[in-house]
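This report concerns only the one structure given below.
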Amino acid sequence: MDFKFSSDLEFALSADRGDSLAGFRSEFIESEDDLIYLDGNSLGKLPKRTIGLLDDVTRKQWGDQLIRSWNSDWIGINKRIGAKIAELIGAKPHEVILTDSTSLNLFKLAYACLKLQGSGRDQIVSDELNFPSDLYILQGLVDMFGSRHELVLAECCDGLSIDNEELVSLITDKTALVSLSYVSFKSSYMYNMEQITRIASEKGAMMIWDLSHAVGAVPIELNKCGAGMAVGCTYKYLNGGPGSIAFLYVREDLIDKLVNPVWGWFADQNPFQFELDFQPSKDINRFTTSTTPILSAAGVEPGLDIMLEASIKEVRLKSVKLSEYLIYLFDKWLAPLGFDLGSPRDSDKRGSHVSIRHPEANRISKAMITPKNTCTVVVPDFRAPDFIRLGLTPLYLGYQDIYRAMFRIKEIVVTKEYQEYSNNQDTVT
Ligand SMILES: *Cc1c(COP(=O)(O)O)cnc(C)c1O
């Protein structure tokens, strides 16, 4: 896409005036007077609707109705919300369920794949840009299956992206499973989902997409791409709340072929018959484990509703424009100060965050978050060794925010303000 930008504040103000999504900003709680929040890719903001809903769920559904609420709303909540997520990721309503955490869901589905794939297929393919938890889960599975499998990682040659040809060359008739993040957490590199899914399928490999950094940020068409399985997170771009429940997707024809390794009662056909022998449910419930944490599940719905109201197509259009504007200012203001772009320039290969790199990234991000000489607080996050991630969430960010955040970063480096901060790393970054 071609946009005309300028580095005058007036440009940002006028772009904000023409922004059709600007109204969604008031759906979210503003935390401080002058805070520019660029970390919605890690923990999304609190929707105002969530507060009222959780008040209702605690006082009325729990407080007054007690256990009776299980039959009115609670028992079906993870399928109901799963169906809304399905709408967002191009799946059928009965192919998605809200359950457990992303890492656990990856574990369950990856286990099921390895169990289903016969001997002879002893490789698992992933890449060096994948989220460490995903790689740890895969490493643990290799151990669990008696080190029969080998985990093969496509290399990242430029620090930002994966060479498609190299990845494709690793997928062979020995591959049991391909497990990739659609959008990479550090550099924002985004795969061609349709192409990789097709190649994996042609080679007889099973494939799981991790959508954590993609869902609510970019349009996803799982069915159209022929994707078999996916997992993802709801506390990032979906604004579901800290540690909110994750989701998993299994294509309908695969559901009864895959075995969940954790035989909890909620995966049974009839949990409330209390039979002594496990009979796996025939539908997507077979991939759940336990009683749904209702407060957490309920909190997922408002953010999801807002996203569906805004439409992911519109959200993506604005996200690309915001990112291109940010990169325009980066080239003008930050590149001359020793920064490198830490994300692909081609928007077709980039999710909704943009990373910038600098040898002093840690101290610069501290100066952004806890400034000493200004009230403008900018919250990005730092990813070792030298990445500052700037998350662009179109529902509650505008062009002026980008202008001011980039201006602030420039100021911190020009005045060497970051030198007043230590290089220690916080526990959570
Ligand atoms: C955020 C994220 C996770 C989170 O895992 P949890 O199990 O929720 O802690 C997993 N994978 C990817 C790719 C992520 O971006």
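Simple scheme: letters A, B, ... for chains in structure tokens order, numbers from 1 for residues in each chain, numbers from 1 for ligands in the order shown.
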So which residues are near ligand 1, meaning at most 10 Å away with only C-alpha atoms and all ligand atoms counted, given back as JSON, numbers by chain? {"A": [41, 42, 43, 100, 101, 102, 103, 104, 105, 106, 107, 129, 130, 131, 132, 133, 134, 135, 137, 180, 181, 182, 183, 184, 185, 186, 209, 210, 211, 212, 213, 214, 231, 232, 233, 234, 235, 236, 242, 243, 244, 245, 246, 247]}
Quick one: write out the picked residues with C-alpha atoms as a PDB file, in the first residue's frame?
ATOM      1  CA  ASN A  41       0.500  -7.127  21.786  1.00  0.00           C
ATOM      2  CA  SER A  42       1.543  -8.430  25.208  1.00  0.00           C
ATOM      3  CA  LEU A  43      -1.366  -7.427  27.450  1.00  0.00           C
ATOM      4  CA  ASP A 100      -6.548 -23.928  29.088  1.00  0.00           C
ATOM      5  CA  SER A 101      -3.479 -21.870  28.107  1.00  0.00           C
ATOM      6  CA  THR A 102      -1.757 -21.526  24.761  1.00  0.00           C
ATOM      7  CA  SER A 103       1.221 -23.611  25.851  1.00  0.00           C
ATOM      8  CA  LEU A 104      -1.016 -26.389  27.188  1.00  0.00           C
ATOM      9  CA  ASN A 105      -3.129 -26.371  24.056  1.00  0.00           C
ATOM     10  CA  LEU A 106      -0.012 -26.667  21.931  1.00  0.00           C
ATOM     11  CA  PHE A 107       1.117 -29.553  24.122  1.00  0.00           C
ATOM     12  CA  LEU A 129      11.959 -17.133  15.698  1.00  0.00           C
ATOM     13  CA  ASN A 130       9.334 -19.171  17.503  1.00  0.00           C
ATOM     14  CA  PHE A 131       8.218 -18.249  20.998  1.00  0.00           C
ATOM     15  CA  PRO A 132      10.446 -20.123  23.482  1.00  0.00           C
ATOM     16  CA  SER A 133       7.488 -21.670  25.319  1.00  0.00           C
ATOM     17  CA  ASP A 134       6.413 -23.312  22.062  1.00  0.00           C
ATOM     18  CA  LEU A 135       9.910 -24.715  21.543  1.00  0.00           C
ATOM     19  CA  ILE A 137       6.765 -27.737  24.753  1.00  0.00           C
ATOM     20  CA  LEU A 180       5.085 -22.360  13.730  1.00  0.00           C
ATOM     21  CA  SER A 181       3.962 -19.004  15.021  1.00  0.00           C
ATOM     22  CA  TYR A 182       2.047 -17.196  12.294  1.00  0.00           C
ATOM     23  CA  VAL A 183       3.462 -13.856  13.509  1.00  0.00           C
ATOM     24  CA  SER A 184       6.801 -13.947  15.285  1.00  0.00           C
ATOM     25  CA  PHE A 185       6.799 -12.405  18.765  1.00  0.00           C
ATOM     26  CA  LYS A 186      10.071 -10.515  18.434  1.00  0.00           C
ATOM     27  CA  TRP A 209      -0.250 -22.670  13.805  1.00  0.00           C
ATOM     28  CA  ASP A 210       0.227 -20.560  16.921  1.00  0.00           C
ATOM     29  CA  LEU A 211      -1.908 -17.457  16.369  1.00  0.00           C
ATOM     30  CA  SER A 212      -1.024 -15.669  19.624  1.00  0.00           C
ATOM     31  CA  HIS A 213       0.556 -12.599  18.036  1.00  0.00           C
ATOM     32  CA  ALA A 214      -1.836 -12.625  15.085  1.00  0.00           C
ATOM     33  CA  VAL A 231      -3.838 -22.454  19.127  1.00  0.00           C
ATOM     34  CA  GLY A 232      -3.823 -18.871  20.365  1.00  0.00           C
ATOM     35  CA  CYS A 233      -3.988 -16.389  23.113  1.00  0.00           C
ATOM     36  CA  THR A 234      -6.789 -14.021  24.192  1.00  0.00           C
ATOM     37  CA  TYR A 235      -4.949 -11.590  26.485  1.00  0.00           C
ATOM     38  CA  LYS A 236      -2.972  -9.857  23.721  1.00  0.00           C
ATOM     39  CA  PRO A 242      -4.194 -10.937  32.253  1.00  0.00           C
ATOM     40  CA  GLY A 243      -3.700 -14.689  31.799  1.00  0.00           C
ATOM     41  CA  SER A 244      -7.140 -15.097  30.213  1.00  0.00           C
ATOM     42  CA  ILE A 245      -8.054 -18.490  28.782  1.00  0.00           C
ATOM     43  CA  ALA A 246      -6.612 -19.476  25.416  1.00  0.00           C
ATOM     44  CA  PHE A 247      -8.293 -21.247  22.499  1.00  0.00           C
TER      45      PHE A 247
END
Find the residues near segment 387-395 of chain A: any atom within 6 Å, counting only C-alpha atoms, skip ones fewer than 4 places away on the same chain, and give them as a list in words. Phe24, Arg25, Leu38, Asp39, Gly40, Asn41, Val315, Ser319, Ser352, His353, Val354, Ser355, Ile356, Arg357, Pro380, Asp381, Phe382 and Arg383 of chain A
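Residues surrounding Phe278 of chain A within 8 Å are Trp263, Trp265 and Asp268 of chain A [only C-alpha atoms; sequence separation below 5 positions excluded].
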Residues of segment 324-422 of chain A within 7 Å of segment 153-162 of chain A: nearest atom pair and distance (Å, one decimal) for each, counting only C-alpha atoms, sorted by chain and number, as JSON lines?
{"residue": "A:Gly342", "atom": "CA", "partner": "A:Leu160", "partner_atom": "CA", "distance": 6.3}
{"residue": "A:Ser343", "atom": "CA", "partner": "A:Leu160", "partner_atom": "CA", "distance": 5.9}
{"residue": "A:Pro344", "atom": "CA", "partner": "A:Leu160", "partner_atom": "CA", "distance": 6.7}
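Among the candidate residues A:Glu301, A:Glu417, A:Asp348, A:Asp283, the one lying nearest to Leu54 of chain A is A:Glu301, with distances computed using only C-alpha atoms.
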Applying 12 Å and only C-alpha atoms, which residues near Lys332 of chain A remain after dropping the ones on its own chain fewer than 2 positions away? List them as a PDB file with all heavy atoms, in the first residue's frame.
ATOM      1  N   PHE A   5       2.964  10.382   3.729  1.00  0.00           N
ATOM      2  CA  PHE A   5       3.126  10.809   5.113  1.00  0.00           C
ATOM      3  C   PHE A   5       3.910  12.112   5.175  1.00  0.00           C
ATOM      4  O   PHE A   5       4.587  12.485   4.222  1.00  0.00           O
ATOM      5  CB  PHE A   5       3.889   9.743   5.904  1.00  0.00           C
ATOM      6  CG  PHE A   5       3.185   8.428   5.985  1.00  0.00           C
ATOM      7  CD1 PHE A   5       3.762   7.275   5.466  1.00  0.00           C
ATOM      8  CD2 PHE A   5       1.933   8.330   6.579  1.00  0.00           C
ATOM      9  CE1 PHE A   5       3.118   6.047   5.541  1.00  0.00           C
ATOM     10  CE2 PHE A   5       1.280   7.103   6.662  1.00  0.00           C
ATOM     11  CZ  PHE A   5       1.871   5.964   6.148  1.00  0.00           C
ATOM     12  N   SER A   6       3.826  12.741   6.343  1.00  0.00           N
ATOM     13  CA  SER A   6       4.712  13.875   6.586  1.00  0.00           C
ATOM     14  C   SER A   6       5.063  13.836   8.068  1.00  0.00           C
ATOM     15  O   SER A   6       4.342  13.242   8.870  1.00  0.00           O
ATOM     16  CB  SER A   6       4.005  15.174   6.197  1.00  0.00           C
ATOM     17  OG  SER A   6       4.006  16.070   7.272  1.00  0.00           O
ATOM     18  N   SER A   7       6.185  14.445   8.428  1.00  0.00           N
ATOM     19  CA  SER A   7       6.604  14.383   9.826  1.00  0.00           C
ATOM     20  C   SER A   7       6.102  15.587  10.630  1.00  0.00           C
ATOM     21  O   SER A   7       6.571  15.824  11.735  1.00  0.00           O
ATOM     22  CB  SER A   7       8.128  14.256   9.923  1.00  0.00           C
ATOM     23  OG  SER A   7       8.737  15.325   9.244  1.00  0.00           O
ATOM     24  N   ASP A   8       5.130  16.316  10.079  1.00  0.00           N
ATOM     25  CA  ASP A   8       4.527  17.397  10.882  1.00  0.00           C
ATOM     26  C   ASP A   8       3.441  16.818  11.766  1.00  0.00           C
ATOM     27  O   ASP A   8       2.704  15.928  11.347  1.00  0.00           O
ATOM     28  CB  ASP A   8       3.803  18.424   9.972  1.00  0.00           C
ATOM     29  CG  ASP A   8       4.768  19.043   8.997  1.00  0.00           C
ATOM     30  OD1 ASP A   8       5.964  19.051   9.320  1.00  0.00           O
ATOM     31  OD2 ASP A   8       4.313  19.461   7.914  1.00  0.00           O
ATOM     32  N   TYR A 325       3.435   4.477   8.902  1.00  0.00           N
ATOM     33  CA  TYR A 325       3.698   5.828   9.406  1.00  0.00           C
ATOM     34  C   TYR A 325       4.832   5.781  10.435  1.00  0.00           C
ATOM     35  O   TYR A 325       5.770   6.582  10.400  1.00  0.00           O
ATOM     36  CB  TYR A 325       2.408   6.381  10.023  1.00  0.00           C
ATOM     37  CG  TYR A 325       2.541   7.726  10.699  1.00  0.00           C
ATOM     38  CD1 TYR A 325       3.117   8.807  10.041  1.00  0.00           C
ATOM     39  CD2 TYR A 325       2.060   7.921  11.997  1.00  0.00           C
ATOM     40  CE1 TYR A 325       3.227  10.041  10.668  1.00  0.00           C
ATOM     41  CE2 TYR A 325       2.157   9.155  12.624  1.00  0.00           C
ATOM     42  CZ  TYR A 325       2.749  10.215  11.960  1.00  0.00           C
ATOM     43  OH  TYR A 325       2.850  11.427  12.578  1.00  0.00           O
ATOM     44  N   LEU A 326       4.763   4.783  11.311  1.00  0.00           N
ATOM     45  CA  LEU A 326       5.819   4.630  12.321  1.00  0.00           C
ATOM     46  C   LEU A 326       7.180   4.407  11.642  1.00  0.00           C
ATOM     47  O   LEU A 326       8.196   5.003  12.026  1.00  0.00           O
ATOM     48  CB  LEU A 326       5.472   3.462  13.248  1.00  0.00           C
ATOM     49  CG  LEU A 326       6.381   3.240  14.453  1.00  0.00           C
ATOM     50  CD1 LEU A 326       5.576   2.656  15.616  1.00  0.00           C
ATOM     51  CD2 LEU A 326       7.556   2.322  14.165  1.00  0.00           C
ATOM     52  N   ILE A 327       7.188   3.575  10.614  1.00  0.00           N
ATOM     53  CA  ILE A 327       8.459   3.286   9.923  1.00  0.00           C
ATOM     54  C   ILE A 327       8.962   4.539   9.177  1.00  0.00           C
ATOM     55  O   ILE A 327      10.161   4.804   9.122  1.00  0.00           O
ATOM     56  CB  ILE A 327       8.295   2.061   8.995  1.00  0.00           C
ATOM     57  CG1 ILE A 327       8.067   0.803   9.849  1.00  0.00           C
ATOM     58  CG2 ILE A 327       9.521   1.880   8.093  1.00  0.00           C
ATOM     59  CD1 ILE A 327       7.691  -0.448   9.076  1.00  0.00           C
ATOM     60  N   TYR A 328       8.018   5.315   8.655  1.00  0.00           N
ATOM     61  CA  TYR A 328       8.387   6.580   8.001  1.00  0.00           C
ATOM     62  C   TYR A 328       9.112   7.492   9.007  1.00  0.00           C
ATOM     63  O   TYR A 328      10.186   8.041   8.727  1.00  0.00           O
ATOM     64  CB  TYR A 328       7.116   7.245   7.456  1.00  0.00           C
ATOM     65  CG  TYR A 328       7.303   8.647   6.960  1.00  0.00           C
ATOM     66  CD1 TYR A 328       7.755   8.900   5.667  1.00  0.00           C
ATOM     67  CD2 TYR A 328       7.036   9.744   7.797  1.00  0.00           C
ATOM     68  CE1 TYR A 328       7.935  10.201   5.212  1.00  0.00           C
ATOM     69  CE2 TYR A 328       7.209  11.045   7.358  1.00  0.00           C
ATOM     70  CZ  TYR A 328       7.667  11.272   6.063  1.00  0.00           C
ATOM     71  OH  TYR A 328       7.850  12.555   5.627  1.00  0.00           O
ATOM     72  N   LEU A 329       8.535   7.625  10.216  1.00  0.00           N
ATOM     73  CA  LEU A 329       9.165   8.470  11.238  1.00  0.00           C
ATOM     74  C   LEU A 329      10.477   7.848  11.717  1.00  0.00           C
ATOM     75  O   LEU A 329      11.444   8.548  12.016  1.00  0.00           O
ATOM     76  CB  LEU A 329       8.212   8.684  12.422  1.00  0.00           C
ATOM     77  CG  LEU A 329       6.931   9.469  12.121  1.00  0.00           C
ATOM     78  CD1 LEU A 329       6.056   9.577  13.373  1.00  0.00           C
ATOM     79  CD2 LEU A 329       7.257  10.870  11.581  1.00  0.00           C
ATOM     80  N   PHE A 330      10.499   6.525  11.767  1.00  0.00           N
ATOM     81  CA  PHE A 330      11.728   5.818  12.149  1.00  0.00           C
ATOM     82  C   PHE A 330      12.867   6.198  11.195  1.00  0.00           C
ATOM     83  O   PHE A 330      13.972   6.547  11.623  1.00  0.00           O
ATOM     84  CB  PHE A 330      11.482   4.297  12.104  1.00  0.00           C
ATOM     85  CG  PHE A 330      12.735   3.484  12.283  1.00  0.00           C
ATOM     86  CD1 PHE A 330      13.147   3.092  13.547  1.00  0.00           C
ATOM     87  CD2 PHE A 330      13.519   3.139  11.186  1.00  0.00           C
ATOM     88  CE1 PHE A 330      14.324   2.372  13.710  1.00  0.00           C
ATOM     89  CE2 PHE A 330      14.698   2.417  11.343  1.00  0.00           C
ATOM     90  CZ  PHE A 330      15.101   2.034  12.617  1.00  0.00           C
ATOM     91  N   LEU A 334      14.909   8.185  13.700  1.00  0.00           N
ATOM     92  CA  LEU A 334      15.666   7.245  14.541  1.00  0.00           C
ATOM     93  C   LEU A 334      16.831   6.564  13.814  1.00  0.00           C
ATOM     94  O   LEU A 334      17.875   6.317  14.421  1.00  0.00           O
ATOM     95  CB  LEU A 334      14.733   6.179  15.139  1.00  0.00           C
ATOM     96  CG  LEU A 334      13.588   6.723  16.012  1.00  0.00           C
ATOM     97  CD1 LEU A 334      12.855   5.573  16.699  1.00  0.00           C
ATOM     98  CD2 LEU A 334      14.106   7.707  17.050  1.00  0.00           C
ATOM     99  N   ALA A 335      16.652   6.254  12.543  1.00  0.00           N
ATOM    100  CA  ALA A 335      17.745   5.583  11.821  1.00  0.00           C
ATOM    101  C   ALA A 335      19.052   6.390  11.921  1.00  0.00           C
ATOM    102  O   ALA A 335      20.110   5.808  12.182  1.00  0.00           O
ATOM    103  CB  ALA A 335      17.343   5.324  10.373  1.00  0.00           C
ATOM    104  N   PRO A 336      19.000   7.737  11.799  1.00  0.00           N
ATOM    105  CA  PRO A 336      20.249   8.510  11.913  1.00  0.00           C
ATOM    106  C   PRO A 336      20.870   8.444  13.322  1.00  0.00           C
ATOM    107  O   PRO A 336      22.018   8.827  13.496  1.00  0.00           O
ATOM    108  CB  PRO A 336      19.816   9.951  11.601  1.00  0.00           C
ATOM    109  CG  PRO A 336      18.492   9.851  10.927  1.00  0.00           C
ATOM    110  CD  PRO A 336      17.851   8.604  11.444  1.00  0.00           C
ATOM    111  N   LEU A 337      20.112   7.961  14.321  1.00  0.00           N
ATOM    112  CA  LEU A 337      20.632   7.924  15.696  1.00  0.00           C
ATOM    113  C   LEU A 337      21.155   6.543  16.077  1.00  0.00           C
ATOM    114  O   LEU A 337      21.345   6.248  17.257  1.00  0.00           O
ATOM    115  CB  LEU A 337      19.519   8.330  16.680  1.00  0.00           C
ATOM    116  CG  LEU A 337      18.958   9.751  16.526  1.00  0.00           C
ATOM    117  CD1 LEU A 337      17.795   9.977  17.481  1.00  0.00           C
ATOM    118  CD2 LEU A 337      20.061  10.788  16.788  1.00  0.00           C
ATOM    119  N   GLY A 338      21.365   5.669  15.111  1.00  0.00           N
ATOM    120  CA  GLY A 338      21.954   4.358  15.422  1.00  0.00           C
ATOM    121  C   GLY A 338      20.937   3.247  15.620  1.00  0.00           C
ATOM    122  O   GLY A 338      21.276   2.172  16.110  1.00  0.00           O
ATOM    123  N   PHE A 339      19.680   3.492  15.280  1.00  0.00           N
ATOM    124  CA  PHE A 339      18.671   2.433  15.366  1.00  0.00           C
ATOM    125  C   PHE A 339      18.639   1.619  14.069  1.00  0.00           C
ATOM    126  O   PHE A 339      18.889   2.147  12.984  1.00  0.00           O
ATOM    127  CB  PHE A 339      17.274   3.043  15.542  1.00  0.00           C
ATOM    128  CG  PHE A 339      16.956   3.493  16.935  1.00  0.00           C
ATOM    129  CD1 PHE A 339      17.259   4.793  17.338  1.00  0.00           C
ATOM    130  CD2 PHE A 339      16.347   2.640  17.843  1.00  0.00           C
ATOM    131  CE1 PHE A 339      16.945   5.229  18.624  1.00  0.00           C
ATOM    132  CE2 PHE A 339      16.029   3.064  19.125  1.00  0.00           C
ATOM    133  CZ  PHE A 339      16.328   4.368  19.516  1.00  0.00           C
ATOM    134  N   TYR A 403       3.136   9.577  16.586  1.00  0.00           N
ATOM    135  CA  TYR A 403       3.986  10.756  16.446  1.00  0.00           C
ATOM    136  C   TYR A 403       4.689  11.061  17.778  1.00  0.00           C
ATOM    137  O   TYR A 403       5.907  11.231  17.843  1.00  0.00           O
ATOM    138  CB  TYR A 403       3.125  11.948  16.001  1.00  0.00           C
ATOM    139  CG  TYR A 403       3.888  13.247  15.929  1.00  0.00           C
ATOM    140  CD1 TYR A 403       4.486  13.656  14.736  1.00  0.00           C
ATOM    141  CD2 TYR A 403       4.021  14.067  17.059  1.00  0.00           C
ATOM    142  CE1 TYR A 403       5.209  14.844  14.671  1.00  0.00           C
ATOM    143  CE2 TYR A 403       4.734  15.250  16.994  1.00  0.00           C
ATOM    144  CZ  TYR A 403       5.330  15.639  15.816  1.00  0.00           C
ATOM    145  OH  TYR A 403       6.046  16.798  15.751  1.00  0.00           O
ATOM    146  N   MET A 406       7.286   8.335  18.956  1.00  0.00           N
ATOM    147  CA  MET A 406       8.535   8.350  18.187  1.00  0.00           C
ATOM    148  C   MET A 406       9.353   9.595  18.519  1.00  0.00           C
ATOM    149  O   MET A 406      10.580   9.556  18.624  1.00  0.00           O
ATOM    150  CB  MET A 406       8.229   8.287  16.680  1.00  0.00           C
ATOM    151  CG  MET A 406       7.570   6.997  16.254  1.00  0.00           C
ATOM    152  SD  MET A 406       8.574   5.531  16.608  1.00  0.00           S
ATOM    153  CE  MET A 406       9.616   5.507  15.146  1.00  0.00           C
ATOM    154  N   PHE A 407       8.652  10.693  18.716  1.00  0.00           N
ATOM    155  CA  PHE A 407       9.319  11.942  19.087  1.00  0.00           C
ATOM    156  C   PHE A 407      10.028  11.767  20.435  1.00  0.00           C
ATOM    157  O   PHE A 407      11.169  12.195  20.632  1.00  0.00           O
ATOM    158  CB  PHE A 407       8.281  13.068  19.167  1.00  0.00           C
ATOM    159  CG  PHE A 407       8.895  14.419  19.254  1.00  0.00           C
ATOM    160  CD1 PHE A 407       9.251  15.110  18.100  1.00  0.00           C
ATOM    161  CD2 PHE A 407       9.144  15.018  20.496  1.00  0.00           C
ATOM    162  CE1 PHE A 407       9.841  16.363  18.180  1.00  0.00           C
ATOM    163  CE2 PHE A 407       9.732  16.266  20.581  1.00  0.00           C
ATOM    164  CZ  PHE A 407      10.084  16.949  19.423  1.00  0.00           C
ATOM    165  N   LYS A 410      13.180   9.674  20.133  1.00  0.00           N
ATOM    166  CA  LYS A 410      14.244  10.505  19.563  1.00  0.00           C
ATOM    167  C   LYS A 410      14.852  11.395  20.655  1.00  0.00           C
ATOM    168  O   LYS A 410      16.078  11.474  20.814  1.00  0.00           O
ATOM    169  CB  LYS A 410      13.652  11.369  18.434  1.00  0.00           C
ATOM    170  CG  LYS A 410      14.636  12.366  17.860  1.00  0.00           C
ATOM    171  CD  LYS A 410      14.081  13.076  16.641  1.00  0.00           C
ATOM    172  CE  LYS A 410      13.106  14.169  17.018  1.00  0.00           C
ATOM    173  NZ  LYS A 410      13.099  15.301  16.107  1.00  0.00           N
TER     174      LYS A 410
END
If you count only C-alpha atoms, which residues fall within 9 Å of Gln279 of chain A, apart from same-chain ones fewer than 3 positions away, as a PyMOL selection string? chain A and resi 267-270+275+282
Can I get the selection written as a PDB file, in the first residue's frame, with N, CA, C and O atoms?
ATOM      1  N   ALA A 267     -13.379 -33.683  29.102  1.00  0.00           N
ATOM      2  CA  ALA A 267     -13.129 -34.206  27.759  1.00  0.00           C
ATOM      3  C   ALA A 267     -13.961 -35.458  27.508  1.00  0.00           C
ATOM      4  O   ALA A 267     -13.967 -36.012  26.411  1.00  0.00           O
ATOM      5  N   ASP A 268     -14.675 -35.893  28.528  1.00  0.00           N
ATOM      6  CA  ASP A 268     -15.496 -37.107  28.415  1.00  0.00           C
ATOM      7  C   ASP A 268     -16.836 -36.789  27.729  1.00  0.00           C
ATOM      8  O   ASP A 268     -17.286 -35.645  27.728  1.00  0.00           O
ATOM      9  N   GLN A 269     -17.443 -37.819  27.156  1.00  0.00           N
ATOM     10  CA  GLN A 269     -18.741 -37.632  26.477  1.00  0.00           C
ATOM     11  C   GLN A 269     -19.815 -37.121  27.422  1.00  0.00           C
ATOM     12  O   GLN A 269     -20.641 -36.305  27.052  1.00  0.00           O
ATOM     13  N   ASN A 270     -19.799 -37.634  28.650  1.00  0.00           N
ATOM     14  CA  ASN A 270     -20.839 -37.298  29.630  1.00  0.00           C
ATOM     15  C   ASN A 270     -20.235 -37.079  30.999  1.00  0.00           C
ATOM     16  O   ASN A 270     -20.361 -37.926  31.878  1.00  0.00           O
ATOM     17  N   GLU A 275     -19.165 -41.858  35.011  1.00  0.00           N
ATOM     18  CA  GLU A 275     -18.808 -43.266  34.761  1.00  0.00           C
ATOM     19  C   GLU A 275     -17.336 -43.487  35.066  1.00  0.00           C
ATOM     20  O   GLU A 275     -16.539 -42.554  35.029  1.00  0.00           O
ATOM     21  N   LYS A 282     -17.012 -36.738  21.316  1.00  0.00           N
ATOM     22  CA  LYS A 282     -16.818 -36.812  19.864  1.00  0.00           C
ATOM     23  C   LYS A 282     -16.650 -35.423  19.255  1.00  0.00           C
ATOM     24  O   LYS A 282     -16.316 -35.282  18.092  1.00  0.00           O
TER      25      LYS A 282
END
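Put simply, atom CA of Gly228 of chain A is 13.7 Å away from atom CA of His94 of chain A.
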Give the helix (DSSP H, G or I) residues of segment 154-329 of chain A, as DSSP finds them on the backbone, and put them as a PyMOL selection string. chain A and resi 164-170+193-202+222-225+252-257+265-267+271-273+284-287+294-298+300-310+312-329
Using only C-alpha atoms, find each residue in segment 91-124 of chain A having at least one atom no more than 12 Å away from segment 196-205 of chain A; report its shortest atom-to-atom pair and that distance in Å (one decimal), rows by chain then rising number, as JSON lines.
{"residue": "A:Ala110", "atom": "CA", "partner": "A:Ala205", "partner_atom": "CA", "distance": 11.9}
{"residue": "A:Cys113", "atom": "CA", "partner": "A:Ala205", "partner_atom": "CA", "distance": 9.2}
{"residue": "A:Leu114", "atom": "CA", "partner": "A:Ala205", "partner_atom": "CA", "distance": 10.2}
{"residue": "A:Leu116", "atom": "CA", "partner": "A:Ala205", "partner_atom": "CA", "distance": 10.9}
{"residue": "A:Gln117", "atom": "CA", "partner": "A:Ala205", "partner_atom": "CA", "distance": 8.4}
{"residue": "A:Gly118", "atom": "CA", "partner": "A:Ala205", "partner_atom": "CA", "distance": 11.0}
{"residue": "A:Gly120", "atom": "CA", "partner": "A:Ala205", "partner_atom": "CA", "distance": 11.6}
{"residue": "A:Arg121", "atom": "CA", "partner": "A:Ala205", "partner_atom": "CA", "distance": 8.4}
{"residue": "A:Asp122", "atom": "CA", "partner": "A:Ala205", "partner_atom": "CA", "distance": 10.6}
{"residue": "A:Gln123", "atom": "CA", "partner": "A:Ala205", "partner_atom": "CA", "distance": 9.5}
{"residue": "A:Ile124", "atom": "CA", "partner": "A:Ala205", "partner_atom": "CA", "distance": 9.1}
Would you mind listing what lies within 12 Å of Glu10 of chain A as a PDB file with N, CA, C and O atoms, in the first residue's frame, with only C-alpha atoms counted and same-chain residues fewer than 6 positions away left out?
ATOM      1  N   ASP A  16      -5.924  11.393  12.302  1.00  0.00           N
ATOM      2  CA  ASP A  16      -6.828  10.991  13.386  1.00  0.00           C
ATOM      3  C   ASP A  16      -8.262  11.447  13.116  1.00  0.00           C
ATOM      4  O   ASP A  16      -9.211  10.718  13.402  1.00  0.00           O
ATOM      5  N   ARG A  17      -8.388  12.649  12.549  1.00  0.00           N
ATOM      6  CA  ARG A  17      -9.743  13.147  12.252  1.00  0.00           C
ATOM      7  C   ARG A  17     -10.442  12.275  11.208  1.00  0.00           C
ATOM      8  O   ARG A  17     -11.646  12.090  11.237  1.00  0.00           O
ATOM      9  N   TYR A 399      -2.808   8.199  15.242  1.00  0.00           N
ATOM     10  CA  TYR A 399      -1.573   8.677  14.601  1.00  0.00           C
ATOM     11  C   TYR A 399      -0.799   9.627  15.510  1.00  0.00           C
ATOM     12  O   TYR A 399       0.432   9.630  15.532  1.00  0.00           O
ATOM     13  N   GLN A 400      -1.547  10.421  16.269  1.00  0.00           N
ATOM     14  CA  GLN A 400      -0.869  11.343  17.170  1.00  0.00           C
ATOM     15  C   GLN A 400      -0.063  10.578  18.230  1.00  0.00           C
ATOM     16  O   GLN A 400       1.012  11.007  18.648  1.00  0.00           O
ATOM     17  N   TYR A 403       3.136   9.577  16.586  1.00  0.00           N
ATOM     18  CA  TYR A 403       3.986  10.756  16.446  1.00  0.00           C
ATOM     19  C   TYR A 403       4.689  11.061  17.778  1.00  0.00           C
ATOM     20  O   TYR A 403       5.907  11.231  17.843  1.00  0.00           O
TER      21      TYR A 403
END
What residues in segment 168-289 of chain A get the DSSP label strand (DSSP E)? Please answer as an NGL selection string. :A and (175-181 or 206-210 or 229-232 or 247-250)
The residue from A:Tyr237, A:Phe3, A:Tyr421, A:Tyr396 with the smallest atom-to-atom distance to Lys321 of chain A, counting only C-alpha atoms, is A:Phe3
Computed gap from atom CA of Lys349 of chain A to atom CA of Met190 of chain A is 4.6 Å
